$ cat my_file-v9.csv   # CSV, C-alpha atoms
chain,number,residue,atom,x,y,z
A,1,MET,CA,-9.3,5.9,-13.9
A,2,SER,CA,-7.7,7.8,-11.0
A,3,LEU,CA,-8.8,6.3,-7.7
A,4,ALA,CA,-9.9,2.6,-7.8
A,5,PRO,CA,-13.6,2.4,-6.7
A,6,THR,CA,-12.8,0.0,-3.9
A,7,VAL,CA,-10.3,2.3,-2.4
A,8,GLN,CA,-12.6,5.3,-2.8
A,9,MET,CA,-15.5,3.6,-1.1
A,10,PHE,CA,-13.1,2.5,1.8
A,11,LEU,CA,-11.8,6.0,2.3
A,12,ASP,CA,-15.3,7.5,2.2
A,13,ARG,CA,-16.6,5.0,4.8
A,14,GLN,CA,-13.6,5.8,7.0
A,15,HIS,CA,-14.2,9.6,6.6
A,16,VAL,CA,-10.5,10.1,5.8
A,17,PRO,CA,-9.5,13.2,4.0
A,18,TYR,CA,-7.1,12.7,1.1
A,19,ARG,CA,-5.7,14.4,-2.0
A,20,MET,CA,-4.8,13.2,-5.4
A,21,LEU,CA,-1.6,13.8,-7.2
A,22,HIS,CA,-1.4,13.2,-11.0
A,23,HIS,CA,1.9,12.2,-12.6
A,24,THR,CA,3.1,10.8,-15.9
A,25,TYR,CA,2.7,7.0,-16.5
A,26,ALA,CA,5.0,4.9,-14.2
A,27,GLU,CA,5.2,1.1,-13.9
A,28,THR,CA,6.7,0.9,-10.4
A,29,MET,CA,6.2,2.9,-7.2
A,30,MET,CA,9.8,4.1,-7.4
A,31,SER,CA,9.1,5.4,-10.9
A,32,SER,CA,6.0,7.0,-9.6
A,33,ALA,CA,8.0,8.8,-6.9
A,34,ILE,CA,10.4,10.1,-9.5
A,35,ALA,CA,7.5,11.1,-11.9
A,36,ALA,CA,5.7,12.9,-9.1
A,37,GLN,CA,9.0,14.5,-7.8
A,38,LEU,CA,8.6,13.0,-4.4
A,39,PRO,CA,11.1,11.5,-2.0
A,40,ALA,CA,10.8,7.7,-2.5
A,41,ARG,CA,10.6,7.2,1.3
A,42,LYS,CA,7.2,8.9,1.3
A,43,VAL,CA,5.7,6.7,-1.4
A,44,ALA,CA,4.4,3.4,0.0
A,45,LYS,CA,4.4,0.3,-2.1
A,46,GLY,CA,2.2,-2.7,-1.5
A,47,VAL,CA,3.7,-6.2,-1.6
A,48,VAL,CA,1.1,-8.9,-1.8
A,49,LEU,CA,2.1,-12.1,0.1
A,50,ARG,CA,0.4,-15.4,0.5
A,51,ASP,CA,0.4,-18.6,2.5
A,52,GLU,CA,-2.1,-21.4,3.2
A,53,GLU,CA,-4.1,-19.0,5.4
A,54,GLY,CA,-4.6,-16.5,2.6
A,55,PHE,CA,-3.2,-13.1,1.5
A,56,VAL,CA,-1.5,-10.3,3.4
A,57,MET,CA,-0.5,-6.8,2.2
A,58,ALA,CA,2.9,-5.6,3.4
A,59,MET,CA,3.3,-1.8,3.0
A,60,VAL,CA,6.9,-0.5,2.8
A,61,PRO,CA,8.6,2.6,1.5
A,62,SER,CA,9.2,2.4,-2.3
A,63,ASP,CA,12.9,2.8,-1.8
A,64,ARG,CA,13.1,-0.4,0.3
A,65,MET,CA,12.5,-4.1,0.0
A,66,ALA,CA,10.0,-6.1,2.1
A,67,ASP,CA,11.9,-8.2,4.6
A,68,LEU,CA,10.0,-11.6,4.5
A,69,ASP,CA,11.8,-13.0,7.5
A,70,ALA,CA,10.8,-10.0,9.6
A,71,ILE,CA,7.2,-10.1,8.3
A,72,ASN,CA,6.9,-13.8,9.0
A,73,ARG,CA,8.2,-13.4,12.5
A,74,ARG,CA,5.8,-10.5,13.2
A,75,MET,CA,2.8,-12.2,11.7
A,76,ASN,CA,3.8,-15.8,12.9
A,77,ARG,CA,3.2,-17.1,9.3
A,78,LEU,CA,5.1,-18.5,6.4
A,79,LEU,CA,4.3,-15.9,3.7
A,80,GLU,CA,5.8,-15.7,0.3
A,81,PRO,CA,5.2,-13.4,-2.7
A,82,ALA,CA,1.8,-13.9,-4.4
A,83,SER,CA,1.7,-14.7,-8.1
A,84,GLN,CA,0.8,-12.1,-10.6
A,85,GLN,CA,-2.3,-14.0,-11.4
A,86,ASP,CA,-3.4,-13.8,-7.8
A,87,VAL,CA,-2.7,-10.1,-7.7
A,88,ASN,CA,-4.7,-9.5,-10.9
A,89,LEU,CA,-7.7,-11.4,-9.3
A,90,LEU,CA,-7.5,-9.5,-6.0
A,91,PHE,CA,-7.3,-6.0,-7.6
A,92,ARG,CA,-9.8,-6.4,-10.5
A,93,ASP,CA,-10.7,-2.7,-10.4
A,94,CYS,CA,-7.1,-1.6,-11.0
A,95,LYS,CA,-4.8,-1.6,-14.0
A,96,GLN,CA,-2.5,-4.6,-14.1
A,97,GLY,CA,0.4,-4.1,-11.7
A,98,ALA,CA,-1.1,-0.9,-10.1
A,99,VAL,CA,-1.6,-2.3,-6.6
A,100,PRO,CA,-3.0,0.1,-4.0
A,101,SER,CA,-1.1,-0.6,-0.8
A,102,LEU,CA,-4.2,-0.1,1.3
A,103,GLY,CA,-5.0,-3.8,1.4
A,104,GLN,CA,-7.6,-3.3,4.1
A,105,ALA,CA,-9.8,-1.8,1.4
A,106,TYR,CA,-9.8,-5.2,-0.2
A,107,ASN,CA,-10.5,-7.0,3.1
A,108,MET,CA,-6.8,-8.1,3.3
A,109,PRO,CA,-4.8,-8.2,6.5
A,110,VAL,CA,-2.1,-5.5,6.4
A,111,ILE,CA,1.3,-5.1,8.0
A,112,TRP,CA,3.2,-1.8,7.6
A,113,ASP,CA,6.7,-0.5,8.0
A,114,ASP,CA,7.4,1.9,10.9
A,115,ALA,CA,9.4,4.1,8.6
A,116,LEU,CA,6.1,5.3,6.9
A,117,ALA,CA,4.8,6.8,10.2
A,118,GLN,CA,7.9,9.0,10.4
A,119,GLU,CA,6.8,11.0,7.4
A,120,GLU,CA,4.5,14.1,7.5
A,121,ASP,CA,2.6,12.7,4.6
A,122,CYS,CA,2.5,9.4,2.6
A,123,TYR,CA,1.5,8.6,-1.0
A,124,PHE,CA,-0.1,5.5,-2.3
A,125,GLU,CA,-0.9,3.9,-5.7
A,126,CYS,CA,-4.5,4.7,-6.8
A,127,GLY,CA,-4.9,1.8,-9.2
A,128,ASP,CA,-3.9,3.3,-12.5
A,129,HIS,CA,-0.1,4.0,-12.7
A,130,MET,CA,-0.8,7.7,-13.1
A,131,ASP,CA,-2.2,9.0,-9.8
A,132,LEU,CA,-1.1,8.9,-6.2
A,133,LEU,CA,-3.3,9.2,-3.2
A,134,ARG,CA,-1.9,11.6,-0.5
A,135,LEU,CA,-2.6,11.0,3.2
A,136,ASP,CA,-1.4,13.4,5.9
A,137,LYS,CA,0.1,11.9,9.0
A,138,ALA,CA,-3.1,12.0,11.0
A,139,SER,CA,-5.1,10.3,8.3
A,140,PHE,CA,-2.4,7.6,7.9
A,141,GLU,CA,-2.5,7.0,11.6
A,142,GLN,CA,-6.3,6.8,11.6
A,143,LEU,CA,-6.2,4.1,8.9
A,144,MET,CA,-3.3,2.1,10.2
A,145,HIS,CA,-3.3,2.3,14.0
A,146,SER,CA,-5.0,-1.1,14.5
A,147,TYR,CA,-2.8,-3.0,12.1
A,148,PRO,CA,0.5,-4.7,13.0
A,149,HIS,CA,3.7,-2.8,12.1
A,150,GLY,CA,7.4,-2.9,12.7
A,151,ALA,CA,10.8,-2.8,11.0
A,152,ILE,CA,9.7,-5.0,8.0
A,153,SER,CA,11.9,-3.6,5.3
A,154,HIS,CA,15.6,-3.2,4.4

$ encode --input "my_file-v9.csv" --output "structure tokens"
Amino acid sequence: MSLAPTVQMFLDRQHVPYRMLHHTYAETMMSSAIAAQLPARKVAKGVVLRDEEGFVMAMVPSDRMADLDAINRRMNRLLEPASQQDVNLLFRDCKQGAVPSLGQAYNMPVIWDDALAQEEDCYFECGDHMDLLRLDKASFEQLMHSYPHGAISH
């Protein structure tokens, strides 16, 4: 599969350069970092959250946990993790559990952790458990500059 069609169309519309990195099959983003021989802090994972207003994608380094209290304070919401059924419906063009953390490609509000902007490049799930999308710092900033961010992980 490589890159989910929704993500590819989004990146093409944004005119953002990216590269692909293939690795052996991995279920989690931490496992993807290991399989791709990358520092886990450079590999972003997407955490889908939900409340009565809808869904939000929290993007955090794969070696950290999303801090729901910090996210809720920053977003002024009462978000909690979405169900696997919700995630499957939202990301229909992806393999089950292979959630691209670029939620904006799926018209989802996004909040991201400041730690990701400290890296020279950042890697994201493509939607298939076997490929990562690489964005350099300038491309990451181009995509994320208008979205809320902060210290949202621990």

$ residues_around --input "my_file-v9.csv" --residues "stretch 113-124 of chain A" --least-positions-apart "6" --cutoff "6 Å" --atoms "all atoms listed in the file" --output "VMD selection string"
chain A and resid 42 to 44 60 132 to 137 149 to 152

$ closest_residue --input "my_file-v9.csv" --among "A:Gly46, A:Asn88, A:Tyr18, A:Leu79" --to "A:Met65" --atoms "only C-alpha atoms"
A:Gly46

$ closest_residue --input "my_file-v9.csv" --among "A:Met144, A:Leu38, A:Ser32, A:Arg92" --to "A:Gln104" --atoms "only C-alpha atoms"
A:Met144

$ atom_distance --input "my_file-v9.csv" --atom1 "atom CA of A:Met130" --atom2 "atom CA of A:Arg19"
13.9 Å

$ closest_residue --input "my_file-v9.csv" --among "A:His129, A:His154, A:Arg50, A:Arg77" --to "A:Gln96" --atoms "all atoms listed in the file"
A:His129

$ closest_residue --input "my_file-v9.csv" --among "A:Ala40, A:Val48, A:Ile111, A:Ile34" --to "A:Leu89" --atoms "only C-alpha atoms"
A:Val48

$ atom_distance --input "my_file-v9.csv" --atom1 "atom CA of A:Ala36" --atom2 "atom CA of A:Trp112"
22.4 Å

$ atom_distance --input "my_file-v9.csv" --atom1 "atom CA of A:Asp86" --atom2 "atom CA of A:Ala4"
17.6 Å
